[in-house]
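File shown: run23.cif (mmCIF, C-alpha atoms).
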```
data_input
#
loop_
_atom_site.group_PDB
_atom_site.id
_atom_site.type_symbol
_atom_site.label_atom_id
_atom_site.label_comp_id
_atom_site.auth_asym_id
_atom_site.auth_seq_id
_atom_site.Cartn_x
_atom_site.Cartn_y
_atom_site.Cartn_z
ATOM 1 C CA MET A 298 -19.139 -55.723 22.487
ATOM 2 C CA PRO A 299 -20.030 -59.024 24.123
ATOM 3 C CA THR A 300 -22.584 -61.380 22.687
ATOM 4 C CA TRP A 301 -25.520 -62.202 24.891
ATOM 5 C CA GLU A 302 -24.225 -65.774 25.121
ATOM 6 C CA GLU A 303 -20.976 -64.382 26.564
ATOM 7 C CA VAL A 304 -22.993 -62.278 28.957
ATOM 8 C CA ALA A 305 -24.864 -65.356 30.126
ATOM 9 C CA ARG A 306 -21.699 -67.407 30.401
ATOM 10 C CA ASP A 307 -19.429 -64.864 32.064
ATOM 11 C CA HIS A 308 -21.944 -62.925 34.141
ATOM 12 C CA GLY A 309 -24.741 -65.424 34.573
ATOM 13 C CA ARG A 310 -23.870 -66.141 38.173
ATOM 14 C CA PHE A 311 -23.882 -62.443 39.024
ATOM 15 C CA LEU A 312 -27.174 -61.983 37.215
ATOM 16 C CA TYR A 313 -28.780 -64.957 38.924
ATOM 17 C CA THR A 314 -27.487 -63.975 42.360
ATOM 18 C CA VAL A 315 -28.929 -60.467 42.070
ATOM 19 C CA ALA A 316 -32.204 -61.882 40.744
ATOM 20 C CA PHE A 317 -32.428 -64.359 43.604
ATOM 21 C CA ARG A 318 -31.683 -61.753 46.260
ATOM 22 C CA LEU A 319 -34.316 -59.452 44.786
ATOM 23 C CA THR A 320 -37.051 -62.057 44.456
ATOM 24 C CA GLY A 321 -36.219 -64.389 47.327
ATOM 25 C CA ASN A 322 -36.967 -67.604 45.464
ATOM 26 C CA ASP A 323 -35.632 -69.632 42.564
ATOM 27 C CA ASP A 324 -38.767 -69.707 40.440
ATOM 28 C CA ASP A 325 -39.129 -65.938 40.321
ATOM 29 C CA ALA A 326 -35.375 -65.558 39.921
ATOM 30 C CA GLN A 327 -35.486 -67.762 36.811
ATOM 31 C CA ASP A 328 -38.330 -65.711 35.371
ATOM 32 C CA LEU A 329 -36.381 -62.572 36.100
ATOM 33 C CA VAL A 330 -33.190 -63.850 34.501
ATOM 34 C CA GLN A 331 -35.044 -65.046 31.432
ATOM 35 C CA GLU A 332 -36.690 -61.680 30.885
ATOM 36 C CA ALA A 333 -33.476 -59.830 31.711
ATOM 37 C CA LEU A 334 -31.523 -61.846 29.136
ATOM 38 C CA LEU A 335 -34.152 -61.055 26.550
ATOM 39 C CA ARG A 336 -33.656 -57.369 27.253
ATOM 40 C CA VAL A 337 -29.899 -57.862 27.215
ATOM 41 C CA ARG A 338 -30.184 -59.429 23.791
ATOM 42 C CA TRP A 339 -32.363 -56.640 22.523
ATOM 43 C CA GLY A 340 -30.261 -53.950 24.126
ATOM 44 C CA LEU A 341 -26.751 -55.115 23.267
ATOM 45 C CA ALA A 342 -26.680 -53.043 20.106
ATOM 46 C CA SER A 343 -27.052 -49.890 22.176
ATOM 47 C CA TYR A 344 -24.737 -50.962 24.990
ATOM 48 C CA GLN A 345 -22.057 -48.390 25.714
ATOM 49 C CA PRO A 346 -18.775 -49.871 26.899
ATOM 50 C CA GLY A 347 -18.540 -49.412 30.642
ATOM 51 C CA SER A 348 -19.501 -51.442 33.641
ATOM 52 C CA LEU A 349 -21.211 -54.468 32.160
ATOM 53 C CA GLU A 350 -22.346 -55.663 35.581
ATOM 54 C CA GLY A 351 -23.732 -52.208 36.309
ATOM 55 C CA TRP A 352 -25.718 -52.423 33.100
ATOM 56 C CA LEU A 353 -26.914 -55.927 33.949
ATOM 57 C CA ALA A 354 -27.886 -54.853 37.464
ATOM 58 C CA LYS A 355 -29.908 -52.019 35.967
ATOM 59 C CA ILE A 356 -31.695 -54.353 33.569
ATOM 60 C CA VAL A 357 -32.504 -57.020 36.138
ATOM 61 C CA THR A 358 -33.718 -54.373 38.588
ATOM 62 C CA ASN A 359 -35.951 -52.779 35.976
ATOM 63 C CA VAL A 360 -37.419 -56.166 35.097
ATOM 64 C CA PHE A 361 -38.023 -56.857 38.777
ATOM 65 C CA LEU A 362 -39.698 -53.495 39.375
ATOM 66 C CA ASP A 363 -41.833 -53.917 36.252
ATOM 67 C CA GLU A 364 -43.009 -57.239 37.618
ATOM 68 C CA VAL A 365 -43.734 -55.776 41.050
ATOM 69 C CA ARG A 366 -45.809 -53.039 39.417
ATOM 70 C CA ARG A 367 -47.598 -55.562 37.237
ATOM 71 C CA ARG A 368 -48.491 -57.706 40.222
ATOM 72 C CA ARG A 369 -49.663 -54.702 42.177
ATOM 73 C CA ARG A 370 -52.073 -53.907 39.365
ATOM 74 C CA ARG A 371 -53.328 -57.474 39.672
ATOM 75 C CA PRO A 372 -53.804 -58.091 43.366
ATOM 76 C CA SER A 373 -54.705 -61.720 42.733
ATOM 77 C CA ASP A 374 -51.068 -62.342 41.800
ATOM 78 C CA ALA A 375 -48.766 -62.761 44.741
ATOM 79 C CA LEU A 376 -46.359 -59.937 45.298
ATOM 80 C CA PRO A 377 -42.823 -61.118 45.753
ATOM 81 C CA ASP A 378 -42.410 -58.898 48.795
ATOM 82 C CA GLU A 379 -45.306 -60.422 50.673
ATOM 83 C CA PRO A 380 -43.673 -62.401 53.452
ATOM 84 C CA GLU A 381 -46.021 -65.346 53.229
ATOM 85 C CA GLN A 382 -45.048 -65.778 49.601
ATOM 86 C CA VAL A 383 -41.343 -65.834 50.079
ATOM 87 C CA LEU A 384 -40.941 -67.399 53.481
ATOM 88 C CA PRO A 385 -41.442 -71.072 54.100
ATOM 89 C CA PRO A 386 -44.792 -71.980 55.595
ATOM 90 C CA SER A 387 -44.936 -71.872 59.376
ATOM 91 C CA ARG A 388 -42.292 -74.105 60.821
ATOM 92 C CA GLY A 389 -41.907 -75.564 64.223
ATOM 93 C CA ALA A 390 -39.142 -74.369 66.449
ATOM 94 C CA ASP A 391 -37.327 -77.681 66.217
ATOM 95 C CA GLU A 392 -37.478 -77.695 62.478
ATOM 96 C CA ASP A 393 -36.311 -74.122 62.435
ATOM 97 C CA ALA A 394 -33.328 -74.946 64.537
ATOM 98 C CA ALA A 395 -32.456 -77.920 62.394
ATOM 99 C CA ARG A 396 -32.859 -76.282 59.021
ATOM 100 C CA ALA A 397 -32.176 -72.647 59.279
ATOM 101 C CA THR A 398 -28.747 -71.461 58.518
ATOM 102 C CA LEU A 399 -27.668 -67.911 59.014
ATOM 103 C CA SER A 400 -27.742 -67.309 55.265
ATOM 104 C CA ASP A 401 -31.296 -68.609 55.060
ATOM 105 C CA GLU A 402 -32.381 -66.289 57.823
ATOM 106 C CA VAL A 403 -30.654 -63.303 56.291
ATOM 107 C CA GLN A 404 -32.179 -64.108 52.910
ATOM 108 C CA ALA A 405 -35.638 -64.468 54.460
ATOM 109 C CA ALA A 406 -35.279 -61.165 56.300
ATOM 110 C CA LEU A 407 -34.091 -59.542 53.079
ATOM 111 C CA ALA A 408 -37.065 -60.905 51.173
ATOM 112 C CA ASP A 409 -39.286 -59.567 53.931
ATOM 113 C CA LEU A 410 -38.079 -56.001 53.393
ATOM 114 C CA PRO A 411 -40.440 -53.765 51.449
ATOM 115 C CA VAL A 412 -39.310 -53.397 47.863
ATOM 116 C CA GLU A 413 -38.316 -49.754 48.231
ATOM 117 C CA PHE A 414 -35.703 -50.769 50.813
ATOM 118 C CA ARG A 415 -34.779 -54.169 49.461
ATOM 119 C CA VAL A 416 -33.804 -53.001 45.994
ATOM 120 C CA PRO A 417 -31.240 -50.382 47.042
ATOM 121 C CA VAL A 418 -29.806 -52.708 49.696
ATOM 122 C CA VAL A 419 -29.387 -55.500 47.152
ATOM 123 C CA LEU A 420 -27.893 -53.168 44.568
ATOM 124 C CA CYS A 421 -25.446 -51.809 47.132
ATOM 125 C CA ASP A 422 -24.499 -54.912 49.099
ATOM 126 C CA VAL A 423 -25.013 -57.703 46.554
ATOM 127 C CA ALA A 424 -24.432 -56.030 43.194
ATOM 128 C CA ASP A 425 -21.802 -53.666 44.646
ATOM 129 C CA ARG A 426 -23.161 -50.576 42.913
ATOM 130 C CA SER A 427 -22.405 -47.022 44.026
ATOM 131 C CA TYR A 428 -25.100 -44.739 45.397
ATOM 132 C CA GLU A 429 -24.862 -42.704 42.207
ATOM 133 C CA GLU A 430 -25.504 -45.768 40.059
ATOM 134 C CA ILE A 431 -28.375 -46.872 42.273
ATOM 135 C CA ALA A 432 -29.923 -43.422 42.085
ATOM 136 C CA ALA A 433 -29.694 -43.560 38.291
ATOM 137 C CA VAL A 434 -31.273 -47.026 38.151
ATOM 138 C CA LEU A 435 -34.130 -46.069 40.445
ATOM 139 C CA GLY A 436 -34.568 -42.543 39.146
ATOM 140 C CA VAL A 437 -34.367 -41.007 42.624
ATOM 141 C CA PRO A 438 -31.956 -38.522 44.237
ATOM 142 C CA ILE A 439 -28.812 -39.843 45.922
ATOM 143 C CA GLY A 440 -30.155 -38.628 49.273
ATOM 144 C CA THR A 441 -33.116 -40.947 48.861
ATOM 145 C CA VAL A 442 -30.821 -43.858 48.087
ATOM 146 C CA ARG A 443 -28.755 -43.086 51.176
ATOM 147 C CA SER A 444 -31.838 -42.948 53.367
ATOM 148 C CA ARG A 445 -33.347 -46.140 51.972
ATOM 149 C CA ILE A 446 -30.157 -48.130 52.309
ATOM 150 C CA HIS A 447 -29.743 -47.003 55.891
ATOM 151 C CA ARG A 448 -33.344 -47.671 56.847
ATOM 152 C CA GLY A 449 -33.310 -50.959 54.976
ATOM 153 C CA ARG A 450 -30.287 -52.155 56.912
ATOM 154 C CA ARG A 451 -31.825 -51.107 60.220
ATOM 155 C CA ARG A 452 -35.038 -52.917 59.385
ATOM 156 C CA LEU A 453 -33.086 -55.969 58.338
ATOM 157 C CA ARG A 454 -31.158 -55.979 61.603
ATOM 158 C CA ALA A 455 -34.391 -55.564 63.574
ATOM 159 C CA ALA A 456 -35.977 -58.444 61.658
ATOM 160 C CA LEU A 457 -33.033 -60.685 62.448
ATOM 161 C CA VAL A 458 -33.294 -59.796 66.129
ATOM 162 C CA GLU A 459 -36.990 -60.589 65.988
ATOM 163 C CA ARG A 460 -36.186 -63.950 64.467
ATOM 164 C CA GLY A 461 -33.780 -64.641 67.263
ATOM 165 C CA VAL A 462 -30.836 -64.710 64.902
ATOM 166 C CA ARG A 463 -29.129 -61.712 66.472
ATOM 167 C CA MET B 229 -22.453 -19.742 61.206
ATOM 168 C CA THR B 230 -24.407 -22.940 61.624
ATOM 169 C CA GLU B 231 -22.509 -26.192 61.239
ATOM 170 C CA ASP B 232 -24.265 -28.912 59.298
ATOM 171 C CA VAL B 233 -25.324 -31.774 61.518
ATOM 172 C CA PRO B 234 -25.504 -35.012 59.549
ATOM 173 C CA GLY B 235 -28.554 -37.200 59.815
ATOM 174 C CA GLN B 236 -28.155 -40.757 61.007
ATOM 175 C CA ASP B 237 -28.532 -42.074 57.475
ATOM 176 C CA ALA B 238 -25.066 -40.682 56.893
ATOM 177 C CA ILE B 239 -23.807 -43.602 58.984
ATOM 178 C CA SER B 240 -24.500 -46.101 56.212
ATOM 179 C CA ALA B 241 -22.997 -43.762 53.653
ATOM 180 C CA TYR B 242 -19.971 -43.451 55.941
ATOM 181 C CA LEU B 243 -19.552 -47.230 55.976
ATOM 182 C CA ASP B 244 -19.966 -47.372 52.207
ATOM 183 C CA GLY B 245 -17.376 -44.666 51.573
ATOM 184 C CA GLU B 246 -20.018 -42.470 49.966
ATOM 185 C CA LEU B 247 -19.302 -39.232 51.871
ATOM 186 C CA ASP B 248 -17.078 -36.344 50.961
ATOM 187 C CA ASP B 249 -14.332 -35.273 53.363
ATOM 188 C CA ARG B 250 -16.443 -32.706 55.205
ATOM 189 C CA GLU B 251 -19.331 -35.105 55.770
ATOM 190 C CA ARG B 252 -17.009 -37.906 56.778
ATOM 191 C CA ASP B 253 -15.371 -35.717 59.411
ATOM 192 C CA ALA B 254 -18.761 -34.641 60.717
ATOM 193 C CA VAL B 255 -19.944 -38.239 61.043
ATOM 194 C CA ALA B 256 -16.703 -39.291 62.708
ATOM 195 C CA ALA B 257 -17.074 -36.486 65.244
ATOM 196 C CA ARG B 258 -20.659 -37.428 65.930
ATOM 197 C CA LEU B 259 -19.735 -41.077 66.382
ATOM 198 C CA ALA B 260 -17.022 -40.149 68.839
ATOM 199 C CA ALA B 261 -19.405 -38.006 70.843
ATOM 200 C CA THR B 262 -22.621 -40.004 70.856
ATOM 201 C CA ALA B 263 -23.240 -43.506 72.196
ATOM 202 C CA GLU B 264 -26.521 -43.720 70.303
ATOM 203 C CA TRP B 265 -24.738 -43.161 67.014
ATOM 204 C CA ARG B 266 -22.207 -45.823 67.865
ATOM 205 C CA ALA B 267 -24.996 -48.271 68.612
ATOM 206 C CA VAL B 268 -26.679 -47.503 65.303
ATOM 207 C CA MET B 269 -23.345 -47.855 63.559
ATOM 208 C CA ALA B 270 -22.884 -51.317 65.082
ATOM 209 C CA GLU B 271 -26.342 -52.411 63.924
ATOM 210 C CA VAL B 272 -25.941 -51.125 60.419
ATOM 211 C CA ARG B 273 -22.444 -52.512 60.101
ATOM 212 C CA GLU B 274 -23.663 -55.953 61.118
ATOM 213 C CA ALA B 275 -26.609 -55.941 58.695
ATOM 214 C CA ARG B 276 -24.351 -54.745 55.906
ATOM 215 C CA ALA B 277 -21.783 -57.456 56.608
ATOM 216 C CA LEU B 278 -24.423 -60.190 56.742
ATOM 217 C CA VAL B 279 -25.900 -59.278 53.357
ATOM 218 C CA ARG B 280 -22.479 -58.934 51.798
ATOM 219 C CA ALA B 281 -21.548 -62.358 53.153
ATOM 220 C CA LEU B 282 -24.470 -64.075 51.443
ATOM 221 C CA PRO B 283 -23.029 -66.573 48.983
ATOM 222 C CA ALA B 284 -23.344 -66.226 45.243
ATOM 223 C CA ARG B 285 -26.285 -68.214 43.982
ATOM 224 C CA ASP B 286 -25.911 -70.726 41.175
ATOM 225 C CA ALA B 287 -28.746 -71.110 38.736
ATOM 226 C CA PRO B 288 -30.347 -74.559 38.628
ATOM 227 C CA PRO B 289 -28.560 -76.984 36.275
ATOM 228 C CA GLY B 290 -29.832 -76.666 32.750
ATOM 229 C CA LEU B 291 -31.174 -73.122 33.018
ATOM 230 C CA TRP B 292 -28.546 -71.507 30.837
ATOM 231 C CA ARG B 293 -28.811 -74.158 28.139
ATOM 232 C CA PHE B 294 -32.559 -73.882 28.203
ATOM 233 C CA LEU B 295 -32.393 -70.107 27.860
ATOM 234 C CA GLU B 296 -29.715 -70.340 25.198
ATOM 235 C CA GLY B 297 -31.949 -72.522 23.069
ATOM 236 C CA THR B 298 -35.045 -70.509 23.790
ATOM 237 C CA LEU B 299 -33.610 -67.047 23.356
ATOM 238 C CA ALA B 300 -31.645 -67.965 20.256
ATOM 239 C CA SER B 301 -34.916 -68.637 18.478
ATOM 240 C CA THR B 302 -36.308 -65.242 19.448
ATOM 241 C CA PRO B 303 -35.992 -62.481 16.876
ATOM 242 C CA VAL B 304 -33.886 -59.539 17.938
ATOM 243 C CA GLN B 305 -36.167 -56.552 18.412
ATOM 244 C CA PRO B 306 -35.119 -52.968 18.086
ATOM 245 C CA VAL B 307 -34.612 -51.219 21.410
ATOM 246 C CA GLY B 308 -37.810 -49.682 22.668
ATOM 247 C CA ALA B 309 -40.075 -51.778 20.502
ATOM 248 C CA ALA B 310 -43.383 -52.620 22.035
ATOM 249 C CA ARG B 311 -43.502 -56.107 23.370
ATOM 250 C CA THR B 312 -46.261 -58.278 24.573
ATOM 251 C CA SER B 313 -46.200 -61.272 26.815
ATOM 252 C CA ALA B 314 -46.822 -63.368 23.728
ATOM 253 C CA ALA B 315 -43.384 -62.364 22.525
ATOM 254 C CA ARG B 316 -41.795 -63.975 25.523
ATOM 255 C CA PRO B 317 -40.342 -67.285 24.467
ATOM 256 C CA GLY B 318 -40.440 -70.403 26.565
ATOM 257 C CA GLY B 319 -43.022 -69.833 29.243
ATOM 258 C CA SER B 320 -42.167 -70.190 32.898
ATOM 259 C CA ARG B 321 -43.912 -73.519 33.258
ATOM 260 C CA ALA B 322 -42.115 -75.085 30.305
ATOM 261 C CA ARG B 323 -38.787 -73.739 31.472
ATOM 262 C CA ARG B 324 -39.265 -74.842 35.040
ATOM 263 C CA GLY B 325 -40.304 -78.289 33.910
ATOM 264 C CA ALA B 326 -37.309 -78.640 31.675
ATOM 265 C CA VAL B 327 -34.865 -77.246 34.192
ATOM 266 C CA ARG B 328 -36.181 -79.368 37.020
ATOM 267 C CA THR B 329 -36.177 -82.463 34.869
ATOM 268 C CA VAL B 330 -32.641 -81.835 33.756
ATOM 269 C CA ALA B 331 -31.564 -81.251 37.340
ATOM 270 C CA ALA B 332 -33.266 -84.425 38.513
ATOM 271 C CA VAL B 333 -31.772 -86.433 35.663
ATOM 272 C CA ALA B 334 -28.313 -85.111 36.382
ATOM 273 C CA VAL B 335 -28.586 -86.007 40.043
ATOM 274 C CA ALA B 336 -30.020 -89.444 39.266
ATOM 275 C CA ALA B 337 -27.289 -90.100 36.743
ATOM 276 C CA ALA B 338 -24.608 -89.094 39.195
ATOM 277 C CA ILE B 339 -26.054 -91.359 41.872
ATOM 278 C CA GLY B 340 -26.473 -94.187 39.365
ATOM 279 C CA ALA B 341 -22.906 -93.942 38.224
ATOM 280 C CA PHE B 342 -21.722 -93.932 41.815
ATOM 281 C CA VAL B 343 -23.784 -97.002 42.716
ATOM 282 C CA LEU B 344 -23.168 -99.000 39.571
ATOM 283 C CA LEU B 345 -19.483 -98.376 39.226
ATOM 284 C CA PRO B 346 -17.991 -98.733 42.669
ATOM 285 C CA GLY B 347 -14.328 -98.602 41.921
ATOM 286 C CA ARG B 348 -14.334 -101.100 39.079
ATOM 287 C CA SER B 349 -12.433 -98.935 36.756
ATOM 288 C CA SER B 350 -9.914 -96.188 37.003
ATOM 289 C CA THR B 351 -11.703 -94.427 34.150
ATOM 290 C CA ARG B 352 -14.799 -92.597 35.246
ATOM 291 C CA PRO B 353 -16.833 -91.100 32.452
ATOM 292 C CA PRO B 354 -18.452 -87.759 33.272
ATOM 293 C CA VAL B 355 -21.870 -89.332 33.131
ATOM 294 C CA ALA B 356 -23.727 -86.482 34.750
ATOM 295 C CA THR B 357 -22.279 -84.008 32.298
ATOM 296 C CA PHE B 358 -23.086 -86.163 29.292
ATOM 297 C CA VAL B 359 -26.605 -86.799 30.412
ATOM 298 C CA GLU B 360 -27.240 -83.210 31.333
ATOM 299 C CA THR B 361 -25.889 -82.023 28.009
ATOM 300 C CA HIS B 362 -28.005 -84.378 25.930
ATOM 301 C CA ALA B 363 -31.062 -83.951 28.058
ATOM 302 C CA ALA B 364 -30.790 -80.182 27.997
ATOM 303 C CA ARG B 365 -30.385 -80.076 24.250
ATOM 304 C CA SER B 366 -33.405 -82.256 23.776
ATOM 305 C CA SER B 367 -35.443 -80.281 26.213
ATOM 306 C CA VAL B 368 -34.876 -76.939 24.579
ATOM 307 C CA SER B 369 -35.781 -78.073 21.116
ATOM 308 C CA GLU B 370 -38.781 -80.264 21.784
ATOM 309 C CA GLU B 371 -41.371 -81.016 24.354
ATOM 310 C CA PRO B 372 -39.226 -81.222 27.469
ATOM 311 C CA VAL B 373 -40.226 -84.444 29.172
ATOM 312 C CA SER B 374 -40.659 -86.984 26.394
ATOM 313 C CA GLN B 375 -37.358 -85.974 24.820
ATOM 314 C CA LEU B 376 -35.440 -87.081 27.844
ATOM 315 C CA ALA B 377 -35.555 -90.803 27.021
ATOM 316 C CA PRO B 378 -31.767 -91.081 26.480
ATOM 317 C CA VAL B 379 -31.328 -90.679 30.208
ATOM 318 C CA ALA B 380 -31.194 -94.463 30.478
ATOM 319 C CA VAL B 381 -27.648 -94.219 29.174
ATOM 320 C CA PRO B 382 -25.944 -94.912 32.530
ATOM 321 C CA VAL B 383 -27.397 -98.443 32.567
ATOM 322 C CA ARG B 384 -25.220 -99.337 29.600
ATOM 323 C CA LEU B 385 -22.166 -98.572 31.607
ATOM 324 C CA ARG B 386 -22.543 -101.759 33.611
ATOM 325 C CA ARG B 387 -19.963 -104.379 32.925
#
```
Just give me the structure of the file as C-alpha cells.
Amino acid sequence: MPTWEEVARDHGRFLYTVAFRLTGNDDDAQDLVQEALLRVRWGLASYQPGSLEGWLAKIVTNVFLDEVRRRRRRPSDALPDEPEQVLPPSRGADEDAARATLSDEVQAALADLPVEFRVPVVLCDVADRSYEEIAAVLGVPIGTVRSRIHRGRRRLRAALVERGVR
Amino acid sequence: MTEDVPGQDAISAYLDGELDDRERDAVAARLAATAEWRAVMAEVREARALVRALPARDAPPGLWRFLEGTLASTPVQPVGAARTSAARPGGSRARRGAVRTVAAVAVAAAIGAFVLLPGRSSTRPPVATFVETHAARSSVSEEPVSQLAPVAVPVRLRR
C-alpha cells in the first residue's frame, strides 16, 4: 500500500492535470488537489489494490462535484462552470491572436462545458478511465456516460468552431 | 425480427472501443451507409483527439512541499468521519500565498544566478533548487512571507 507522500510524488502530476482540466484554473485546481490528498490520506487504509489512478480520479472527481454542489447552494460563490469565471476577461481580437494557443482554446472550451458533460469527458479523455469506471464514479448507468461523452464532445467541437478555432 | 439501430452516441463509444462486437458491426454498417454519421464521426473524433492532446499540467512550484508540510500535521481521520471546513488544514489563501511566493523566489533566484554568474565558473550551483527548498520548508512551518528572508542567498554567490 502506498503512502500518501508516494501518491503525491508518483501521481501528483496526474492528479493535478485532472484537477486542472475539471476546474479550468490553477487556483481551484490547487484547492481540489489539497482536499483530494486529504481524502487520499484518510482513505489509504481502506484502499484496495487495483488501479491507483482510477481511485485518485474517483476521489478528485468527488471532491470537485462536492464543491460544485456547495457553490450551487451558495449562489454568491462563483461556479467553476460559469464561463465568465473560467475564461479570461474579454480580449481584443489582436490579443486573442497573439496569445491563444490551440491548447488554451481547447481548455477554455472544455471549461465552458456544463459540468455534467465536462466530468465524463475529462475522466474519459484526460484520466483515461473506462465507461464502466466513469459510471461507477458518477453513479449513473453506462448508457448515460456514453450519451454524455458523445454530447460533450459535440458541444466542445461546436464551441471551438464558434471560437474560430476549427 | 427488428434489428437494433444504434443511436448516434454509439459513435463515441465506437471510437473509445466501448462496444461489443454486435454493436460495433452495427455502427460500422451505419457509418458506411450514412454521410451524416460520417460527419458526426469526424467531429467527435477531432474533439476527442484535441482533449487527449492537451498536455499534462504541472502544479506550481512549491505546492507539493506546502501540502506535504500541511497535511503531515493533520490527524488521520477514520474513513467516513464527519469533517468540517475547520478541519481543513492550510487555507487556500495561505497556500496560494506560499506557493506563489516560492514560485516567484525560485524564478528570481534563477534569473539572479544567470545575471550574476555569466560564465565565470564551470561550477553552477543549483541555486533555484536550494532557494526553493529552503523557502518552501520555511513557508510550510511558519507564516509564509516573513520566513522567506534567506532568499537573499544568491547575492553571496558573487565573487
- Message: Taking only C-alpha atoms into account and nothing else, which residues of chain A lie no more than 7 Å away from chain B? Please answer as JSON, numbers by chain.
- Response: {"A": [310, 313, 314, 328, 331, 335, 338, 339, 340, 400, 403, 422, 423, 443, 444, 447, 450, 451, 453, 454]}
Store the residues of this selection in a file with C-alpha atoms, as a short mmCIF file (atom, residue, chain, number, x, y, z; two decimals), in the coordinates of the input.
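Output below, filename result34.cif:
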```cif
data_model
loop_
_atom_site.label_atom_id
_atom_site.label_comp_id
_atom_site.auth_asym_id
_atom_site.auth_seq_id
_atom_site.Cartn_x
_atom_site.Cartn_y
_atom_site.Cartn_z
CA ARG A 310 -23.87 -66.14 38.17
CA TYR A 313 -28.78 -64.96 38.92
CA THR A 314 -27.49 -63.98 42.36
CA ASP A 328 -38.33 -65.71 35.37
CA GLN A 331 -35.04 -65.05 31.43
CA LEU A 335 -34.15 -61.06 26.55
CA ARG A 338 -30.18 -59.43 23.79
CA TRP A 339 -32.36 -56.64 22.52
CA GLY A 340 -30.26 -53.95 24.13
CA SER A 400 -27.74 -67.31 55.26
CA VAL A 403 -30.65 -63.30 56.29
CA ASP A 422 -24.50 -54.91 49.10
CA VAL A 423 -25.01 -57.70 46.55
CA ARG A 443 -28.76 -43.09 51.18
CA SER A 444 -31.84 -42.95 53.37
CA HIS A 447 -29.74 -47.00 55.89
CA ARG A 450 -30.29 -52.16 56.91
CA ARG A 451 -31.82 -51.11 60.22
CA LEU A 453 -33.09 -55.97 58.34
CA ARG A 454 -31.16 -55.98 61.60
#
```
- Message: Could you tell me how far CA of Val315 (chain A) sits from CA of Pro289 (chain B), in Å to one decimal place?
- Response: 17.5 Å
- Task: Convert the output of the PyMOL selection byres ((chain A and resi 353) around 10) on the shown file into explicit residues, formatted as number ranges by chain.
- Result: A: 304, 308-309, 311-312, 315, 333-334, 336-337, 348-352, 354-359, 424
- Task: One decimal, Å: what's the distance from CA of Phe414 (chain A) over to CA of Gly321 (chain A), could you say?
- Result: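 These two atoms are separated by 14.1 Å.
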- Message: I'd like the interatomic distance between CA of Ala305 (chain A) and CA of Tyr428 (chain A), to a tenth of an Å.
- Response: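 CA of Ala305 (chain A) sits 25.7 Å away from CA of Tyr428 (chain A).
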- Task: Name every residue that the PyMOL selection byres ((chain A and resi 407) around 9) selects in this structure, writing the answer as a list in words with chains first and numbers rising.
- Result: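 Those residues are Arg318, Leu319, Gly321, Glu402, Val403, Gln404, Ala405, Ala406, Ala408, Asp409, Leu410, Pro411, Arg415, Val418, Val419, Gly449, Leu453 and Ala456 of chain A; Val279 of chain B.
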